>>> print(open('query-v1.pdb').read())   # PDB, C-alpha atoms
ATOM      1  CA  MET A  21       7.672  38.548  86.995
ATOM      2  CA  SER A  22       8.000  34.816  86.554
ATOM      3  CA  ARG A  23       4.204  34.386  86.380
ATOM      4  CA  PHE A  24       3.832  36.801  83.524
ATOM      5  CA  ILE A  25       6.637  35.021  81.646
ATOM      6  CA  GLN A  26       5.272  31.479  81.928
ATOM      7  CA  ARG A  27       1.786  32.222  80.525
ATOM      8  CA  PRO A  28       2.968  33.270  77.045
ATOM      9  CA  MET A  29       5.183  30.213  76.897
ATOM     10  CA  ILE A  30       2.241  27.919  77.720
ATOM     11  CA  HIS A  31       0.121  29.654  75.059
ATOM     12  CA  ALA A  32       2.884  29.231  72.475
ATOM     13  CA  GLN A  33       3.173  25.538  73.278
ATOM     14  CA  LYS A  34      -0.593  25.095  72.700
ATOM     15  CA  ILE A  35      -0.375  26.848  69.360
ATOM     16  CA  ALA A  36       2.549  24.633  68.331
ATOM     17  CA  ARG A  37       0.560  21.545  69.273
ATOM     18  CA  LEU A  38      -2.439  22.708  67.217
ATOM     19  CA  GLN A  39      -0.434  23.438  64.052
ATOM     20  CA  PRO A  40      -0.100  19.764  62.895
ATOM     21  CA  LEU A  41      -3.842  19.250  63.375
ATOM     22  CA  VAL A  42      -4.685  22.390  61.379
ATOM     23  CA  CYS A  43      -2.277  21.376  58.592
ATOM     24  CA  ALA A  44      -3.807  17.899  58.427
ATOM     25  CA  ILE A  45      -7.336  19.301  58.183
ATOM     26  CA  ALA A  46      -6.245  21.722  55.458
ATOM     27  CA  ALA A  47      -4.530  18.959  53.504
ATOM     28  CA  VAL A  48      -7.633  16.779  53.669
ATOM     29  CA  SER A  49      -9.777  19.674  52.462
ATOM     30  CA  ILE A  50      -7.449  20.463  49.570
ATOM     31  CA  SER A  51      -7.214  16.805  48.506
ATOM     32  CA  GLY A  52     -10.989  16.532  48.598
ATOM     33  CA  MET A  53     -11.311  19.593  46.375
ATOM     34  CA  VAL A  54      -8.738  18.216  43.942
ATOM     35  CA  HIS A  55     -10.481  14.827  43.833
ATOM     36  CA  ALA A  56     -13.837  16.502  43.189
ATOM     37  CA  ALA A  57     -12.337  18.575  40.366
ATOM     38  CA  ALA A  58     -10.646  15.526  38.862
ATOM     39  CA  SER A  59     -13.865  13.534  38.915
ATOM     40  CA  THR A  60     -15.616  16.195  36.794
ATOM     41  CA  THR A  61     -12.809  16.448  34.207
ATOM     42  CA  PRO A  62     -13.568  14.359  31.059
ATOM     43  CA  VAL A  63     -11.171  11.538  30.239
ATOM     44  CA  VAL A  64      -9.246  12.116  26.998
ATOM     45  CA  THR A  65      -7.917   9.055  25.140
ATOM     46  CA  LEU A  66      -4.691   9.839  23.320
ATOM     47  CA  PRO A  67      -3.893   8.163  19.977
ATOM     48  CA  THR A  68      -1.462   5.268  19.965
ATOM     49  CA  LEU A  69       2.136   6.285  19.327
ATOM     50  CA  GLN A  70       4.354   3.623  17.785
ATOM     51  CA  VAL A  71       8.065   3.919  18.487
ATOM     52  CA  SER A  72      10.534   1.815  16.515
ATOM     53  CA  ALA A  73      14.143   1.285  17.517
ATOM     54  CA  HIS A  74      17.066  -0.797  16.352
ATOM     55  CA  PRO A  75      17.947  -3.756  18.605
ATOM     56  CA  LEU A  76      21.643  -2.884  18.417
ATOM     57  CA  ASN A  77      23.304   0.201  19.836
ATOM     58  CA  ARG A  78      23.681   2.268  16.684
ATOM     59  CA  ASN A  79      23.861   6.011  16.223
ATOM     60  CA  ALA A  80      21.733   8.124  13.892
ATOM     61  CA  ASP A  81      24.333   8.179  11.123
ATOM     62  CA  ASP A  82      24.307   4.372  10.874
ATOM     63  CA  LEU A  83      20.522   4.285  10.528
ATOM     64  CA  VAL A  84      20.330   6.717   7.617
ATOM     65  CA  THR A  85      18.931   4.915   4.531
ATOM     66  CA  ALA A  86      17.481   6.174   1.266
ATOM     67  CA  ASN A  87      13.863   5.262   2.010
ATOM     68  CA  SER A  88      10.541   6.793   0.999
ATOM     69  CA  LEU A  89       7.081   6.200   2.443
ATOM     70  CA  VAL A  90       3.993   6.883   0.338
ATOM     71  CA  GLU A  91       0.662   6.942   2.170
ATOM     72  CA  SER A  92      -2.679   5.762   0.787
ATOM     73  CA  GLU A  93      -4.020   9.290   0.270
ATOM     74  CA  THR A  94      -1.081  10.171  -1.968
ATOM     75  CA  LEU A  95      -1.505   6.964  -3.967
ATOM     76  CA  PHE A  96      -5.199   7.683  -4.508
ATOM     77  CA  ASN A  97      -4.662  11.296  -5.585
ATOM     78  CA  GLN A  98      -1.929  10.340  -8.043
ATOM     79  CA  ASN A  99      -4.577   8.988 -10.477
ATOM     80  CA  GLY A 100      -2.428   6.059 -11.530
ATOM     81  CA  SER A 101      -4.142   2.975 -12.894
ATOM     82  CA  THR A 102      -1.031   0.869 -12.151
ATOM     83  CA  LEU A 103       1.393   0.754  -9.239
ATOM     84  CA  ALA A 104       4.224   2.223 -11.317
ATOM     85  CA  GLU A 105       2.103   5.187 -12.433
ATOM     86  CA  ALA A 106       1.025   5.849  -8.837
ATOM     87  CA  LEU A 107       4.706   6.086  -7.777
ATOM     88  CA  ASP A 108       5.903   8.005 -10.845
ATOM     89  CA  SER A 109       6.091  11.342  -8.987
ATOM     90  CA  GLN A 110       8.389  10.028  -6.242
ATOM     91  CA  LEU A 111      12.028  11.058  -6.211
ATOM     92  CA  GLY A 112      14.138   8.701  -8.318
ATOM     93  CA  VAL A 113      11.151   6.568  -9.386
ATOM     94  CA  ARG A 114       9.741   6.400 -12.903
ATOM     95  CA  ALA A 115       7.225   4.179 -14.689
ATOM     96  CA  GLU A 116       8.251   1.806 -17.469
ATOM     97  CA  THR A 117       5.029   1.487 -19.438
ATOM     98  CA  PHE A 118       4.154  -1.219 -21.939
ATOM     99  CA  GLY A 119       0.725  -0.067 -22.960
ATOM    100  CA  ALA A 120      -2.054   1.451 -20.893
ATOM    101  CA  GLY A 121      -2.447  -1.510 -18.543
ATOM    102  CA  ALA A 122       1.118  -2.752 -17.990
ATOM    103  CA  ALA A 123       3.884  -0.850 -16.210
ATOM    104  CA  ARG A 124       6.722  -1.506 -13.778
ATOM    105  CA  PRO A 125       8.567   0.916 -11.475
ATOM    106  CA  VAL A 126      12.073   2.055 -12.421
ATOM    107  CA  ILE A 127      14.363   3.080  -9.527
ATOM    108  CA  ARG A 128      17.557   4.934 -10.406
ATOM    109  CA  GLY A 129      17.457   3.555 -13.934
ATOM    110  CA  GLN A 130      17.029  -0.047 -12.798
ATOM    111  CA  THR A 131      13.954  -2.183 -13.366
ATOM    112  CA  ALA A 132      13.013  -5.861 -13.208
ATOM    113  CA  PRO A 133      14.580  -8.178 -12.233
ATOM    114  CA  ARG A 134      16.863  -5.757 -10.317
ATOM    115  CA  VAL A 135      13.876  -3.993  -8.728
ATOM    116  CA  LYS A 136      11.710  -6.211  -6.515
ATOM    117  CA  VAL A 137       7.997  -5.583  -6.007
ATOM    118  CA  LEU A 138       6.735  -7.087  -2.745
ATOM    119  CA  SER A 139       3.326  -7.467  -1.160
ATOM    120  CA  ASP A 140       3.538  -7.240   2.636
ATOM    121  CA  SER A 141       7.294  -8.017   2.395
ATOM    122  CA  ALA A 142       6.635 -11.188   0.344
ATOM    123  CA  SER A 143       7.643 -11.677  -3.279
ATOM    124  CA  MET A 144       4.847 -11.500  -5.852
ATOM    125  CA  MET A 145       6.351 -14.200  -8.120
ATOM    126  CA  ASP A 146       4.268 -12.958 -11.063
ATOM    127  CA  ALA A 147       4.967 -12.914 -14.794
ATOM    128  CA  SER A 148       5.721  -9.177 -14.853
ATOM    129  CA  GLU A 149       9.257  -9.843 -13.586
ATOM    130  CA  ILE A 150      10.205 -11.580 -16.829
ATOM    131  CA  SER A 151       7.665 -10.145 -19.291
ATOM    132  CA  PRO A 152       7.069  -6.371 -19.440
ATOM    133  CA  ASP A 153       3.677  -6.729 -21.145
ATOM    134  CA  HIS A 154       2.152  -8.249 -17.988
ATOM    135  CA  ASN A 155       0.664  -6.095 -15.279
ATOM    136  CA  ILE A 156       1.721  -6.225 -11.619
ATOM    137  CA  PRO A 157      -1.297  -7.721  -9.766
ATOM    138  CA  ILE A 158      -1.334  -5.024  -7.076
ATOM    139  CA  GLU A 159      -4.040  -2.393  -6.884
ATOM    140  CA  PRO A 160      -2.713   0.964  -5.595
ATOM    141  CA  MET A 161      -6.199   2.180  -4.641
ATOM    142  CA  LEU A 162      -6.415  -0.563  -1.987
ATOM    143  CA  ALA A 163      -2.886  -0.143  -0.611
ATOM    144  CA  GLU A 164      -2.381   1.251   2.890
ATOM    145  CA  ARG A 165       1.122   2.563   2.159
ATOM    146  CA  VAL A 166       4.139   1.824  -0.023
ATOM    147  CA  GLU A 167       7.755   1.636   1.114
ATOM    148  CA  ILE A 168      10.496   2.419  -1.422
ATOM    149  CA  LEU A 169      13.932   1.116  -0.407
ATOM    150  CA  ARG A 170      17.229   2.023  -2.021
ATOM    151  CA  GLY A 171      20.830   1.336  -1.201
ATOM    152  CA  PRO A 172      22.199  -1.426   1.059
ATOM    153  CA  ALA A 173      18.819  -1.901   2.786
ATOM    154  CA  THR A 174      17.555  -3.722  -0.322
ATOM    155  CA  LEU A 175      19.923  -6.637   0.337
ATOM    156  CA  LEU A 176      17.578  -7.741   3.117
ATOM    157  CA  TYR A 177      15.253  -8.977   0.375
ATOM    158  CA  GLY A 178      17.825 -10.914  -1.628
ATOM    159  CA  GLY A 179      20.895 -10.270  -3.722
ATOM    160  CA  GLY A 180      18.822  -9.684  -6.863
ATOM    161  CA  ALA A 181      17.205  -6.507  -5.523
ATOM    162  CA  ILE A 182      20.256  -4.325  -6.097
ATOM    163  CA  GLY A 183      18.243  -1.612  -7.862
ATOM    164  CA  GLY A 184      15.606  -1.141  -5.187
ATOM    165  CA  VAL A 185      12.559  -2.586  -3.475
ATOM    166  CA  VAL A 186       8.924  -1.493  -3.649
ATOM    167  CA  ASN A 187       7.055  -2.978  -0.693
ATOM    168  CA  VAL A 188       3.273  -2.567  -0.816
ATOM    169  CA  LEU A 189       1.536  -2.852   2.566
ATOM    170  CA  ASP A 190      -2.213  -3.436   2.619
ATOM    171  CA  GLN A 191      -5.010  -4.448   4.992
ATOM    172  CA  LYS A 192      -5.958  -7.785   3.439
ATOM    173  CA  ILE A 193      -5.133  -9.585   6.698
ATOM    174  CA  PRO A 194      -6.384  -7.589   9.721
ATOM    175  CA  THR A 195      -3.713  -7.014  12.365
ATOM    176  CA  GLN A 196      -5.907  -5.416  15.041
ATOM    177  CA  MET A 197      -9.539  -5.214  16.017
ATOM    178  CA  PRO A 198     -11.479  -2.318  14.427
ATOM    179  CA  GLU A 199     -12.727   0.485  16.636
ATOM    180  CA  ASN A 200     -16.399   0.226  17.578
ATOM    181  CA  GLY A 201     -16.522  -3.211  15.968
ATOM    182  CA  VAL A 202     -16.346  -2.067  12.337
ATOM    183  CA  SER A 203     -14.259   0.276  10.183
ATOM    184  CA  GLY A 204     -13.961   0.936   6.483
ATOM    185  CA  GLU A 205     -13.032   3.253   3.654
ATOM    186  CA  ALA A 206     -14.283   3.971   0.138
ATOM    187  CA  GLY A 207     -13.292   6.119  -2.812
ATOM    188  CA  LEU A 208     -14.380   7.118  -6.301
ATOM    189  CA  ARG A 209     -12.205   8.501  -9.081
ATOM    190  CA  PHE A 210     -12.927   9.917 -12.531
ATOM    191  CA  ASN A 211     -10.541  10.836 -15.333
ATOM    192  CA  HIS A 212     -11.652  12.874 -18.332
ATOM    193  CA  ALA A 213      -8.813  12.071 -20.769
ATOM    194  CA  ALA A 214      -9.432   8.314 -20.830
ATOM    195  CA  ALA A 215     -12.962   8.439 -19.393
ATOM    196  CA  GLU A 216     -11.715   6.500 -16.366
ATOM    197  CA  ARG A 217     -14.261   5.356 -13.801
ATOM    198  CA  ALA A 218     -12.768   3.681 -10.748
ATOM    199  CA  ALA A 219     -14.211   2.727  -7.378
ATOM    200  CA  ALA A 220     -12.671   0.995  -4.369
ATOM    201  CA  ALA A 221     -14.012   0.084  -0.936
ATOM    202  CA  GLY A 222     -12.946  -1.972   2.059
ATOM    203  CA  VAL A 223     -14.469  -2.890   5.412
ATOM    204  CA  THR A 224     -13.109  -4.667   8.497
ATOM    205  CA  ALA A 225     -15.611  -6.182  10.948
ATOM    206  CA  GLN A 226     -15.162  -7.821  14.340
ATOM    207  CA  LEU A 227     -16.548 -11.335  14.675
ATOM    208  CA  GLY A 228     -16.380 -12.309  18.319
ATOM    209  CA  ASP A 229     -13.633 -11.457  20.772
ATOM    210  CA  HIS A 230     -10.636 -12.552  18.693
ATOM    211  CA  VAL A 231     -11.768 -12.837  15.051
ATOM    212  CA  ALA A 232     -11.730 -10.038  12.448
ATOM    213  CA  LEU A 233     -13.042 -10.236   8.866
ATOM    214  CA  ARG A 234     -11.784  -8.111   5.960
ATOM    215  CA  LEU A 235     -13.674  -7.515   2.696
ATOM    216  CA  GLU A 236     -12.439  -5.213  -0.051
ATOM    217  CA  GLY A 237     -12.970  -4.725  -3.758
ATOM    218  CA  MET A 238     -12.069  -2.503  -6.687
ATOM    219  CA  SER A 239     -13.391  -1.925 -10.198
ATOM    220  CA  ARG A 240     -11.864   0.198 -12.964
ATOM    221  CA  ARG A 241     -12.783   0.855 -16.588
ATOM    222  CA  THR A 242     -11.219   3.224 -19.126
ATOM    223  CA  THR A 243     -11.753   3.900 -22.818
ATOM    224  CA  GLU A 244      -9.145   4.668 -25.489
ATOM    225  CA  TYR A 245      -7.041   7.774 -25.010
ATOM    226  CA  ARG A 246      -8.089  10.882 -26.863
ATOM    227  CA  ALA A 247      -5.653  12.076 -29.532
ATOM    228  CA  PRO A 248      -6.531  15.582 -30.755
ATOM    229  CA  ASN A 249      -5.404  16.802 -34.190
ATOM    230  CA  GLN A 250      -4.997  13.226 -35.418
ATOM    231  CA  ALA A 251      -6.723  11.225 -38.141
ATOM    232  CA  GLU A 252      -8.360   9.092 -35.452
ATOM    233  CA  THR A 253      -9.636  10.770 -32.300
ATOM    234  CA  ARG A 254      -8.929   7.717 -30.169
ATOM    235  CA  VAL A 255      -5.742   5.666 -29.783
ATOM    236  CA  ASP A 256      -6.539   2.047 -30.487
ATOM    237  CA  GLY A 257      -5.455  -0.498 -27.856
ATOM    238  CA  THR A 258      -5.375   1.864 -24.859
ATOM    239  CA  ALA A 259      -8.628   0.783 -23.187
ATOM    240  CA  THR A 260      -8.385  -1.111 -19.881
ATOM    241  CA  GLU A 261     -10.756  -2.951 -17.597
ATOM    242  CA  GLY A 262     -10.038  -4.639 -14.306
ATOM    243  CA  TYR A 263     -11.348  -5.662 -10.942
ATOM    244  CA  GLN A 264     -10.055  -7.098  -7.686
ATOM    245  CA  GLY A 265     -11.716  -8.704  -4.687
ATOM    246  CA  THR A 266     -10.274  -9.864  -1.366
ATOM    247  CA  LEU A 267     -11.544 -11.922   1.560
ATOM    248  CA  GLY A 268      -9.363 -11.986   4.687
ATOM    249  CA  LEU A 269      -9.737 -13.506   8.142
ATOM    250  CA  SER A 270      -7.562 -13.098  11.261
ATOM    251  CA  TRP A 271      -7.409 -14.423  14.801
ATOM    252  CA  ILE A 272      -6.072 -11.645  17.057
ATOM    253  CA  ASN A 273      -5.079 -11.531  20.724
ATOM    254  CA  ASP A 274      -2.720  -9.512  22.926
ATOM    255  CA  ARG A 275       0.336 -11.492  21.798
ATOM    256  CA  GLY A 276      -0.174 -11.109  18.036
ATOM    257  CA  PHE A 277      -2.297 -12.360  15.179
ATOM    258  CA  VAL A 278      -2.520 -15.082  12.548
ATOM    259  CA  GLY A 279      -4.556 -14.760   9.382
ATOM    260  CA  VAL A 280      -5.191 -15.768   5.800
ATOM    261  CA  ALA A 281      -6.497 -13.913   2.741
ATOM    262  CA  TYR A 282      -7.680 -14.795  -0.762
ATOM    263  CA  THR A 283      -7.451 -12.244  -3.596
ATOM    264  CA  LYS A 284      -8.866 -12.440  -7.119
ATOM    265  CA  ASN A 285      -7.322  -9.998  -9.604
ATOM    266  CA  ALA A 286      -8.298  -9.723 -13.274
ATOM    267  CA  ASN A 287      -7.159  -7.210 -15.901
ATOM    268  CA  ASP A 288      -8.037  -6.881 -19.573
ATOM    269  CA  TYR A 289      -6.007  -4.358 -21.559
ATOM    270  CA  GLY A 290      -4.576  -3.782 -25.014
ATOM    271  CA  LEU A 291      -1.172  -2.951 -26.470
ATOM    272  CA  SER A 292      -1.152   0.216 -28.495
ATOM    273  CA  GLY A 293       0.756   0.175 -31.797
ATOM    274  CA  HIS A 294       0.764  -3.606 -32.172
ATOM    275  CA  SER A 295      -0.421  -4.822 -35.574
ATOM    276  CA  HIS A 296      -1.106  -8.188 -37.187
ATOM    277  CA  ALA A 297      -0.497  -6.881 -40.696
ATOM    278  CA  HIS A 298       2.668  -8.983 -41.018
ATOM    279  CA  ASP A 299       1.521 -12.114 -39.216
ATOM    280  CA  GLU A 300       1.695 -14.114 -42.478
ATOM    281  CA  CYS A 301       5.294 -13.095 -43.125
ATOM    282  CA  HIS A 302       8.047 -15.633 -42.622
ATOM    283  CA  ARG A 303      11.740 -15.736 -43.233
ATOM    284  CA  HIS A 304      13.466 -17.151 -46.278
ATOM    285  CA  GLY A 305      17.152 -17.146 -45.515
ATOM    286  CA  LEU A 306      18.016 -13.533 -44.730
ATOM    287  CA  SER A 307      14.893 -12.073 -46.371
ATOM    288  CA  LEU A 308      11.304 -11.687 -45.125
ATOM    289  CA  HIS A 309       8.630 -13.222 -47.352
ATOM    290  CA  CYS A 310       5.060 -11.982 -46.919
ATOM    291  CA  GLU A 311       3.301 -13.520 -49.916
ATOM    292  CA  ALA A 312       1.167 -16.650 -49.751
ATOM    293  CA  HIS A 313       2.546 -19.970 -51.052
ATOM    294  CA  ASP A 314       0.727 -22.316 -53.373
ATOM    295  CA  ASP A 315       2.145 -25.370 -51.692
ATOM    296  CA  HIS A 316       1.295 -26.364 -48.143
ATOM    297  CA  ASP A 317       4.731 -26.883 -46.756
ATOM    298  CA  ASP A 318       4.653 -27.416 -43.028
ATOM    299  CA  HIS A 319       7.566 -25.037 -42.654
ATOM    300  CA  ASP A 320       5.813 -22.240 -44.546
ATOM    301  CA  ASP A 321       2.284 -22.377 -43.164
ATOM    302  CA  HIS A 322       1.692 -21.708 -39.476
ATOM    303  CA  ASP A 323      -1.551 -22.259 -37.642
ATOM    304  CA  ASP A 324      -0.639 -20.302 -34.544
ATOM    305  CA  HIS A 325      -3.505 -18.137 -33.446
ATOM    306  CA  ASP A 326      -1.979 -16.339 -30.486
ATOM    307  CA  ASP A 327      -3.455 -12.932 -30.019
ATOM    308  CA  HIS A 328      -0.932 -10.625 -28.350
ATOM    309  CA  ASP A 329      -3.042  -7.515 -28.571
ATOM    310  CA  ASP A 330      -5.292  -8.241 -25.625
ATOM    311  CA  HIS A 331      -4.115  -9.562 -22.297
ATOM    312  CA  ASP A 332      -6.447 -11.178 -19.848
ATOM    313  CA  ASP A 333      -4.530 -11.723 -16.655
ATOM    314  CA  HIS A 334      -6.173 -13.582 -13.795
ATOM    315  CA  ASP A 335      -4.078 -13.863 -10.660
ATOM    316  CA  ASP A 336      -5.182 -15.650  -7.522
ATOM    317  CA  HIS A 337      -3.346 -15.221  -4.245
TER     318      HIS A 337
END
>>> encode(input="query-v1.pdb", output="structure tokens")
Amino acid sequence: MSRFIQRPMIHAQKIARLQPLVCAIAAVSISGMVHAAASTTPVVTLPTLQVSAHPLNRNADDLVTANSLVESETLFNQNGSTLAEALDSQLGVRAETFGAGAARPVIRGQTAPRVKVLSDSASMMDASEISPDHNIPIEPMLAERVEILRGPATLLYGGGAIGGVVNVLDQKIPTQMPENGVSGEAGLRFNHAAAERAAAAGVTAQLGDHVALRLEGMSRRTTEYRAPNQAETRVDGTATEGYQGTLGLSWINDRGFVGVAYTKNANDYGLSGHSHAHDECHRHGLSLHCEAHDDHDDHDDHDDHDDHDDHDDHDDH
């Protein structure tokens, strides 16, 4: 009986010894199949995801601010010839117009100098902050996006920006290398009411391993507004014409970038409703005298020939 009992035990021991070898062979076969399948699967490159966080340990309630972000597509479709008109449809933002070519944004009833307009987080320092008949030298058709800040967050840009901040971000200075060595965008826009014809284009090209060049330009031309059922079919002083060109250059590596850009902006526009009919009038005491004098008193005759109807603004950055 002992002989018949030992043989099954020896056979079981052989099977137990063979099991690790069989498992190893099976594992190698499965891994080879998986590797072969993985080698035939195409590689998919996912888009870059940017995650921003506050350096301090703050909860979500502390980070809530009254901010708005307007992308370039929205700015282009808004059909605004000025920055203020392009943002006029945003919540709490209106345009303070001074003719067809000059306008400033109004945030919660506040305007310049309580509302700051920035270009890439830097102050514009233009004449529109103190004179409403000057245009803001920023072209919305070439902007990448616009940030609208309200509330306490505006104090980061100075104590004068208590009404709000409009920060225009553009691509004048390249911050990264373009895909496939070159990238660009272009757009055309037409408006029937003022016969507007506007075109804008920009291109970024790679020059070497660390240098990127940016070229962009814009041209716009409009005629006088149409005024149906009026004595004159066109509103005098509402025509505008302007252009802008930019040349930018950047040196880019893995640690960051440094760049410089030059922008030429020119606008020619009129002021509707302004008249020179009373330019010869002058004050006599508390009354206004508009008749010519026979004498040539220096205090009565003025040789000022300032034309305030047409503005020709040329801003270099």
>>> residues_around(input="query-v1.pdb", residues="range 192-205 of chain A", least_positions_apart="4", cutoff="9 Å", atoms="all atoms listed in the file", output="CSV table (one decimal) with C-alpha atoms, in the coordinates of the input")
chain,number,residue,atom,x,y,z
A,220,ALA,CA,-12.7,1.0,-4.4
A,221,ALA,CA,-14.0,0.1,-0.9
A,222,GLY,CA,-12.9,-2.0,2.1
A,223,VAL,CA,-14.5,-2.9,5.4
A,224,THR,CA,-13.1,-4.7,8.5
A,225,ALA,CA,-15.6,-6.2,10.9
A,226,GLN,CA,-15.2,-7.8,14.3
A,227,LEU,CA,-16.5,-11.3,14.7
A,229,ASP,CA,-13.6,-11.5,20.8
A,230,HIS,CA,-10.6,-12.6,18.7
A,231,VAL,CA,-11.8,-12.8,15.1
A,232,ALA,CA,-11.7,-10.0,12.4
A,233,LEU,CA,-13.0,-10.2,8.9
A,234,ARG,CA,-11.8,-8.1,6.0
A,235,LEU,CA,-13.7,-7.5,2.7
A,236,GLU,CA,-12.4,-5.2,-0.1
A,266,THR,CA,-10.3,-9.9,-1.4
A,267,LEU,CA,-11.5,-11.9,1.6
A,268,GLY,CA,-9.4,-12.0,4.7
A,269,LEU,CA,-9.7,-13.5,8.1
A,270,SER,CA,-7.6,-13.1,11.3
A,271,TRP,CA,-7.4,-14.4,14.8
A,272,ILE,CA,-6.1,-11.6,17.1
A,273,ASN,CA,-5.1,-11.5,20.7
A,276,GLY,CA,-0.2,-11.1,18.0
A,277,PHE,CA,-2.3,-12.4,15.2
A,278,VAL,CA,-2.5,-15.1,12.5
A,279,GLY,CA,-4.6,-14.8,9.4
A,280,VAL,CA,-5.2,-15.8,5.8
A,281,ALA,CA,-6.5,-13.9,2.7
A,282,TYR,CA,-7.7,-14.8,-0.8
A,283,THR,CA,-7.5,-12.2,-3.6
>>> axis_aligned_box(input="query-v1.pdb", around="range 87-105 of chain A", padding_each_side="6 Å", output="JSON")
{"center_x": 4.3, "center_y": 6.0, "center_z": -5.2, "size_x": 31.1, "size_y": 22.5, "size_z": 27.3}
>>> residues_around(input="query-v1.pdb", residues="Ser139 in chain A", least_positions_apart="6", cutoff="10 Å", atoms="all atoms listed in the file", output="list in words")
Pro157, Ile158, Ala163, Val166, Val186, Asn187, Val188, Leu189 and Asp190 of chain A
>>> write_last_selection(input="query-v1.pdb", atoms="C-alpha atoms", output="short mmCIF file (atom, residue, chain, number, x, y, z; two decimals), in the coordinates of the input")
data_model
loop_
_atom_site.label_atom_id
_atom_site.label_comp_id
_atom_site.auth_asym_id
_atom_site.auth_seq_id
_atom_site.Cartn_x
_atom_site.Cartn_y
_atom_site.Cartn_z
CA PRO A 157 -1.30 -7.72 -9.77
CA ILE A 158 -1.33 -5.02 -7.08
CA ALA A 163 -2.89 -0.14 -0.61
CA VAL A 166 4.14 1.82 -0.02
CA VAL A 186 8.92 -1.49 -3.65
CA ASN A 187 7.06 -2.98 -0.69
CA VAL A 188 3.27 -2.57 -0.82
CA LEU A 189 1.54 -2.85 2.57
CA ASP A 190 -2.21 -3.44 2.62
#
>>> atom_distance(input="query-v1.pdb", atom1="CA of Gln130 in chain A", atom2="CA of Pro160 in chain A")
21.0 Å
>>> atom_distance(input="query-v1.pdb", atom1="CA of Ala122 in chain A", atom2="CA of Gln98 in chain A")
16.7 Å
>>> atom_distance(input="query-v1.pdb", atom1="CA of Glu167 in chain A", atom2="CA of Glu116 in chain A")
18.6 Å
>>> closest_residue(input="query-v1.pdb", among="A:Ser239, A:Ser292, A:Gln110, A:Ser143", to="Arg254 in chain A", atoms="all atoms listed in the file")
A:Ser292
>>> closest_atom_pairs(input="query-v1.pdb", of="range 94-153 of chain A", to="range 244-252 of chain A", cutoff="12 Å", atoms="all atoms listed in the file", output="JSON lines")
{"residue": "A:Gly119", "atom": "CA", "partner": "A:Tyr245", "partner_atom": "CA", "distance": 11.2}
{"residue": "A:Ala120", "atom": "CA", "partner": "A:Glu244", "partner_atom": "CA", "distance": 9.0}
{"residue": "A:Gly121", "atom": "CA", "partner": "A:Glu244", "partner_atom": "CA", "distance": 11.5}
>>> closest_residue(input="query-v1.pdb", among="A:Ala213, A:Gly183, A:Ala104, A:Arg170", to="Thr253 in chain A", atoms="all atoms listed in the file")
A:Ala213
>>> residues_near_point(input="query-v1.pdb", point="(1.1, 5.2, 0.7)", cutoff="8 Å", atoms="all atoms listed in the file", output="number ranges by chain")
A: 89-95, 163-167
>>> resolve_selection(input="query-v1.pdb", expression="the PyMOL selection byres ((chain A and resi 208-211) around 9)", output="list in words")
Phe96, Asn97, Asn99, Ala206, Gly207, His212, Ala213, Ala214, Ala215, Glu216, Arg217, Ala218, Ala219, Ala220, Ala221 and Thr242 of chain A
>>> write_last_selection(input="query-v1.pdb", atoms="C-alpha atoms", output="PDB file, keeping the file's coordinate frame")
ATOM      1  CA  PHE A  96      -5.199   7.683  -4.508  1.00  0.00           C
ATOM      2  CA  ASN A  97      -4.662  11.296  -5.585  1.00  0.00           C
ATOM      3  CA  ASN A  99      -4.577   8.988 -10.477  1.00  0.00           C
ATOM      4  CA  ALA A 206     -14.283   3.971   0.138  1.00  0.00           C
ATOM      5  CA  GLY A 207     -13.292   6.119  -2.812  1.00  0.00           C
ATOM      6  CA  HIS A 212     -11.652  12.874 -18.332  1.00  0.00           C
ATOM      7  CA  ALA A 213      -8.813  12.071 -20.769  1.00  0.00           C
ATOM      8  CA  ALA A 214      -9.432   8.314 -20.830  1.00  0.00           C
ATOM      9  CA  ALA A 215     -12.962   8.439 -19.393  1.00  0.00           C
ATOM     10  CA  GLU A 216     -11.715   6.500 -16.366  1.00  0.00           C
ATOM     11  CA  ARG A 217     -14.261   5.356 -13.801  1.00  0.00           C
ATOM     12  CA  ALA A 218     -12.768   3.681 -10.748  1.00  0.00           C
ATOM     13  CA  ALA A 219     -14.211   2.727  -7.378  1.00  0.00           C
ATOM     14  CA  ALA A 220     -12.671   0.995  -4.369  1.00  0.00           C
ATOM     15  CA  ALA A 221     -14.012   0.084  -0.936  1.00  0.00           C
ATOM     16  CA  THR A 242     -11.219   3.224 -19.126  1.00  0.00           C
TER      17      THR A 242
END
>>> closest_residue(input="query-v1.pdb", among="A:Ala132, A:Leu169, A:Ile150, A:Leu138", to="Gly112 in chain A", atoms="all atoms listed in the file")
A:Leu169
>>> decode(input="query-v1.pdb", residues="range 207-221 of chain A", atoms="C-alpha atoms", output="short mmCIF file (atom, residue, chain, number, x, y, z; two decimals), in the first residue's frame")
data_model
loop_
_atom_site.label_atom_id
_atom_site.label_comp_id
_atom_site.auth_asym_id
_atom_site.auth_seq_id
_atom_site.Cartn_x
_atom_site.Cartn_y
_atom_site.Cartn_z
CA GLY A 207 -9.19 88.74 -39.97
CA LEU A 208 -11.39 90.98 -42.08
CA ARG A 209 -14.41 92.97 -40.95
CA PHE A 210 -17.04 95.03 -42.76
CA ASN A 211 -19.73 97.32 -41.37
CA HIS A 212 -22.57 98.61 -43.51
CA ALA A 213 -23.75 101.55 -41.36
CA ALA A 214 -20.44 103.42 -41.46
CA ALA A 215 -18.98 101.56 -44.45
CA GLU A 216 -16.24 100.22 -42.19
CA ARG A 217 -13.43 98.22 -43.77
CA ALA A 218 -10.96 96.76 -41.29
CA ALA A 219 -8.21 94.17 -41.63
CA ALA A 220 -5.73 92.79 -39.11
CA ALA A 221 -3.01 90.14 -39.34
#
